[in-house]
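Colleague: The structure under discussion is supplied below as structure tokens; questions concerning it will follow.
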Amino acid sequence: MKRYKPSRKLLARITRISAYSFVLVIMTFLGLYGGLYLDKVTNMAPNFTLLGLVIGIILGFRGFIQEAISERRRES
């Protein structure tokens with residue numbers, strides 16, 4: 001029985017996409033904890049937490065979307 005062995009190019013693409021998924025999670029948590037810290041310092045309960053969370057998500061998706069756009073350009 002012959003096993004399927006993915007090409008190096010495919011493995012590199014999968015690795016890059018996985019790395020950007022990890023960056024998305026890290027940026028979300030950094031925004032959340034940064035907002036929690038600012039709320040603690042300024043005593044303005046959910047304001048900076050929500051703002052930090054939204055900014056973290058936006059920054060995380062920005063890199064992911066840029067990678068998807070560049071991947072599409074390489075394919076065409």
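By order of appearance in the structure tokens: chains A, B, ..., then residues from 1 within every chain, and ligands from 1 in the order shown.
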Do a neighbour search on Asn47 of chain A at 10 Å with only C-alpha atoms, toss out local chain neighbours closer than 6 positions, and write the hits as an mmCIF file with N, CA and C atoms, in the first residue's frame.
Modeller:
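Wrote out.cif, looks like this:
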```cif
data_model
loop_
_atom_site.group_PDB
_atom_site.id
_atom_site.type_symbol
_atom_site.label_atom_id
_atom_site.label_comp_id
_atom_site.auth_asym_id
_atom_site.auth_seq_id
_atom_site.Cartn_x
_atom_site.Cartn_y
_atom_site.Cartn_z
ATOM 1 N N GLY A 35 -6.252 45.531 28.020
ATOM 2 C CA GLY A 35 -7.458 46.256 28.404
ATOM 3 C C GLY A 35 -7.813 46.052 29.868
ATOM 4 N N LEU A 36 -7.648 44.841 30.371
ATOM 5 C CA LEU A 36 -7.900 44.582 31.789
ATOM 6 C C LEU A 36 -6.952 45.380 32.667
ATOM 7 N N LEU A 38 -5.455 48.264 31.866
ATOM 8 C CA LEU A 38 -5.841 49.674 31.813
ATOM 9 C C LEU A 38 -7.102 49.944 32.619
ATOM 10 N N ASP A 39 -8.043 49.010 32.620
ATOM 11 C CA ASP A 39 -9.248 49.166 33.451
ATOM 12 C C ASP A 39 -8.892 49.181 34.930
#
```
Colleague: Skip Ala19 of chain A itself and residues of its chain fewer than 5 positions away, then list as an mmCIF file with N, CA and C atoms, in the first residue's frame all residues within 12 Å of it, counting only C-alpha atoms.
Modeller:
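Generated output (part_8.cif):
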```
data_model
loop_
_atom_site.group_PDB
_atom_site.id
_atom_site.type_symbol
_atom_site.label_atom_id
_atom_site.label_comp_id
_atom_site.auth_asym_id
_atom_site.auth_seq_id
_atom_site.Cartn_x
_atom_site.Cartn_y
_atom_site.Cartn_z
ATOM 1 N N ALA A 12 4.772 23.752 3.804
ATOM 2 C CA ALA A 12 5.154 25.126 4.140
ATOM 3 C C ALA A 12 3.929 26.023 4.234
ATOM 4 N N ARG A 13 2.987 25.835 3.336
ATOM 5 C CA ARG A 13 1.751 26.639 3.373
ATOM 6 C C ARG A 13 0.942 26.340 4.622
ATOM 7 N N ILE A 14 0.828 25.072 4.966
ATOM 8 C CA ILE A 14 0.082 24.686 6.163
ATOM 9 C C ILE A 14 0.748 25.243 7.417
ATOM 10 N N LEU A 24 -3.105 35.047 15.817
ATOM 11 C CA LEU A 24 -4.452 35.571 16.071
ATOM 12 C C LEU A 24 -4.850 35.359 17.524
ATOM 13 N N VAL A 25 -4.606 34.190 18.041
ATOM 14 C CA VAL A 25 -4.947 33.896 19.438
ATOM 15 C C VAL A 25 -4.106 34.740 20.391
ATOM 16 N N ILE A 26 -2.822 34.851 20.129
ATOM 17 C CA ILE A 26 -1.925 35.629 20.993
ATOM 18 C C ILE A 26 -2.335 37.107 20.999
ATOM 19 N N GLY A 60 -4.964 40.759 14.928
ATOM 20 C CA GLY A 60 -4.716 39.357 14.621
ATOM 21 C C GLY A 60 -5.248 38.960 13.256
ATOM 22 N N GLY A 63 -3.126 40.300 9.947
ATOM 23 C CA GLY A 63 -2.039 39.471 9.443
ATOM 24 C C GLY A 63 -2.547 38.241 8.712
ATOM 25 N N PHE A 64 -3.609 37.655 9.248
ATOM 26 C CA PHE A 64 -4.181 36.461 8.628
ATOM 27 C C PHE A 64 -4.743 36.790 7.243
ATOM 28 N N GLU A 67 -1.967 37.455 4.682
ATOM 29 C CA GLU A 67 -1.374 36.195 4.224
ATOM 30 C C GLU A 67 -2.286 35.501 3.219
#
```
Colleague: For the alpha helix (DSSP H) assignment from backbone DSSP, which residues of chain A qualify? Please present them as a PyMOL selection string.
Modeller: chain A and resi 8-42+47-75
Colleague: For the residues selected in the previous step, produce a file with C-alpha atoms as a PDB file, in the first residue's frame.
Modeller:
```pdb
ATOM      1  CA  ARG A   8       7.255  20.502   0.851  1.00  0.00           C
ATOM      2  CA  LYS A   9       5.372  23.422  -0.683  1.00  0.00           C
ATOM      3  CA  LEU A  10       2.077  22.216   0.787  1.00  0.00           C
ATOM      4  CA  LEU A  11       3.666  21.618   4.184  1.00  0.00           C
ATOM      5  CA  ALA A  12       5.154  25.126   4.140  1.00  0.00           C
ATOM      6  CA  ARG A  13       1.751  26.639   3.373  1.00  0.00           C
ATOM      7  CA  ILE A  14       0.082  24.686   6.163  1.00  0.00           C
ATOM      8  CA  THR A  15       2.796  25.743   8.603  1.00  0.00           C
ATOM      9  CA  ARG A  16       2.428  29.399   7.642  1.00  0.00           C
ATOM     10  CA  ILE A  17      -1.358  29.308   8.076  1.00  0.00           C
ATOM     11  CA  SER A  18      -1.001  27.572  11.441  1.00  0.00           C
ATOM     12  CA  ALA A  19       1.461  30.219  12.587  1.00  0.00           C
ATOM     13  CA  TYR A  20      -0.965  33.002  11.702  1.00  0.00           C
ATOM     14  CA  SER A  21      -3.718  31.201  13.609  1.00  0.00           C
ATOM     15  CA  PHE A  22      -1.428  31.156  16.638  1.00  0.00           C
ATOM     16  CA  VAL A  23      -0.704  34.881  16.177  1.00  0.00           C
ATOM     17  CA  LEU A  24      -4.452  35.571  16.071  1.00  0.00           C
ATOM     18  CA  VAL A  25      -4.947  33.896  19.438  1.00  0.00           C
ATOM     19  CA  ILE A  26      -1.925  35.629  20.993  1.00  0.00           C
ATOM     20  CA  MET A  27      -3.007  39.082  19.761  1.00  0.00           C
ATOM     21  CA  THR A  28      -6.518  38.537  21.115  1.00  0.00           C
ATOM     22  CA  PHE A  29      -5.215  37.636  24.565  1.00  0.00           C
ATOM     23  CA  LEU A  30      -2.705  40.500  24.576  1.00  0.00           C
ATOM     24  CA  GLY A  31      -5.472  42.975  23.728  1.00  0.00           C
ATOM     25  CA  LEU A  32      -7.734  41.499  26.393  1.00  0.00           C
ATOM     26  CA  TYR A  33      -5.120  41.546  29.142  1.00  0.00           C
ATOM     27  CA  GLY A  34      -3.894  44.995  28.120  1.00  0.00           C
ATOM     28  CA  GLY A  35      -7.458  46.256  28.404  1.00  0.00           C
ATOM     29  CA  LEU A  36      -7.900  44.582  31.789  1.00  0.00           C
ATOM     30  CA  TYR A  37      -4.725  46.237  33.016  1.00  0.00           C
ATOM     31  CA  LEU A  38      -5.841  49.674  31.813  1.00  0.00           C
ATOM     32  CA  ASP A  39      -9.248  49.166  33.451  1.00  0.00           C
ATOM     33  CA  LYS A  40      -7.529  48.307  36.707  1.00  0.00           C
ATOM     34  CA  VAL A  41      -5.313  51.408  36.520  1.00  0.00           C
ATOM     35  CA  THR A  42      -8.068  53.845  35.497  1.00  0.00           C
ATOM     36  CA  ASN A  47     -14.333  50.127  28.634  1.00  0.00           C
ATOM     37  CA  PHE A  48     -10.676  49.323  27.988  1.00  0.00           C
ATOM     38  CA  THR A  49     -11.281  45.580  28.224  1.00  0.00           C
ATOM     39  CA  LEU A  50     -13.716  45.678  25.316  1.00  0.00           C
ATOM     40  CA  LEU A  51     -11.568  48.122  23.381  1.00  0.00           C
ATOM     41  CA  GLY A  52      -8.430  46.028  23.897  1.00  0.00           C
ATOM     42  CA  LEU A  53     -10.247  42.852  22.895  1.00  0.00           C
ATOM     43  CA  VAL A  54     -11.569  44.389  19.680  1.00  0.00           C
ATOM     44  CA  ILE A  55      -8.176  45.888  18.791  1.00  0.00           C
ATOM     45  CA  GLY A  56      -6.443  42.560  19.467  1.00  0.00           C
ATOM     46  CA  ILE A  57      -8.880  40.690  17.237  1.00  0.00           C
ATOM     47  CA  ILE A  58      -8.517  43.259  14.449  1.00  0.00           C
ATOM     48  CA  LEU A  59      -4.709  43.155  14.572  1.00  0.00           C
ATOM     49  CA  GLY A  60      -4.716  39.357  14.621  1.00  0.00           C
ATOM     50  CA  PHE A  61      -7.031  39.090  11.635  1.00  0.00           C
ATOM     51  CA  ARG A  62      -5.066  41.742   9.744  1.00  0.00           C
ATOM     52  CA  GLY A  63      -2.039  39.471   9.443  1.00  0.00           C
ATOM     53  CA  PHE A  64      -4.181  36.461   8.628  1.00  0.00           C
ATOM     54  CA  ILE A  65      -6.024  38.316   5.836  1.00  0.00           C
ATOM     55  CA  GLN A  66      -2.786  39.714   4.393  1.00  0.00           C
ATOM     56  CA  GLU A  67      -1.374  36.195   4.224  1.00  0.00           C
ATOM     57  CA  ALA A  68      -4.525  34.907   2.518  1.00  0.00           C
ATOM     58  CA  ILE A  69      -4.348  37.715  -0.063  1.00  0.00           C
ATOM     59  CA  SER A  70      -0.675  37.058  -0.814  1.00  0.00           C
ATOM     60  CA  GLU A  71      -1.399  33.315  -1.083  1.00  0.00           C
ATOM     61  CA  ARG A  72      -4.131  34.000  -3.644  1.00  0.00           C
ATOM     62  CA  ARG A  73      -1.780  36.205  -5.660  1.00  0.00           C
ATOM     63  CA  ARG A  74       0.837  33.442  -5.740  1.00  0.00           C
ATOM     64  CA  GLU A  75      -1.707  30.929  -7.031  1.00  0.00           C
TER      65      GLU A  75
END
```
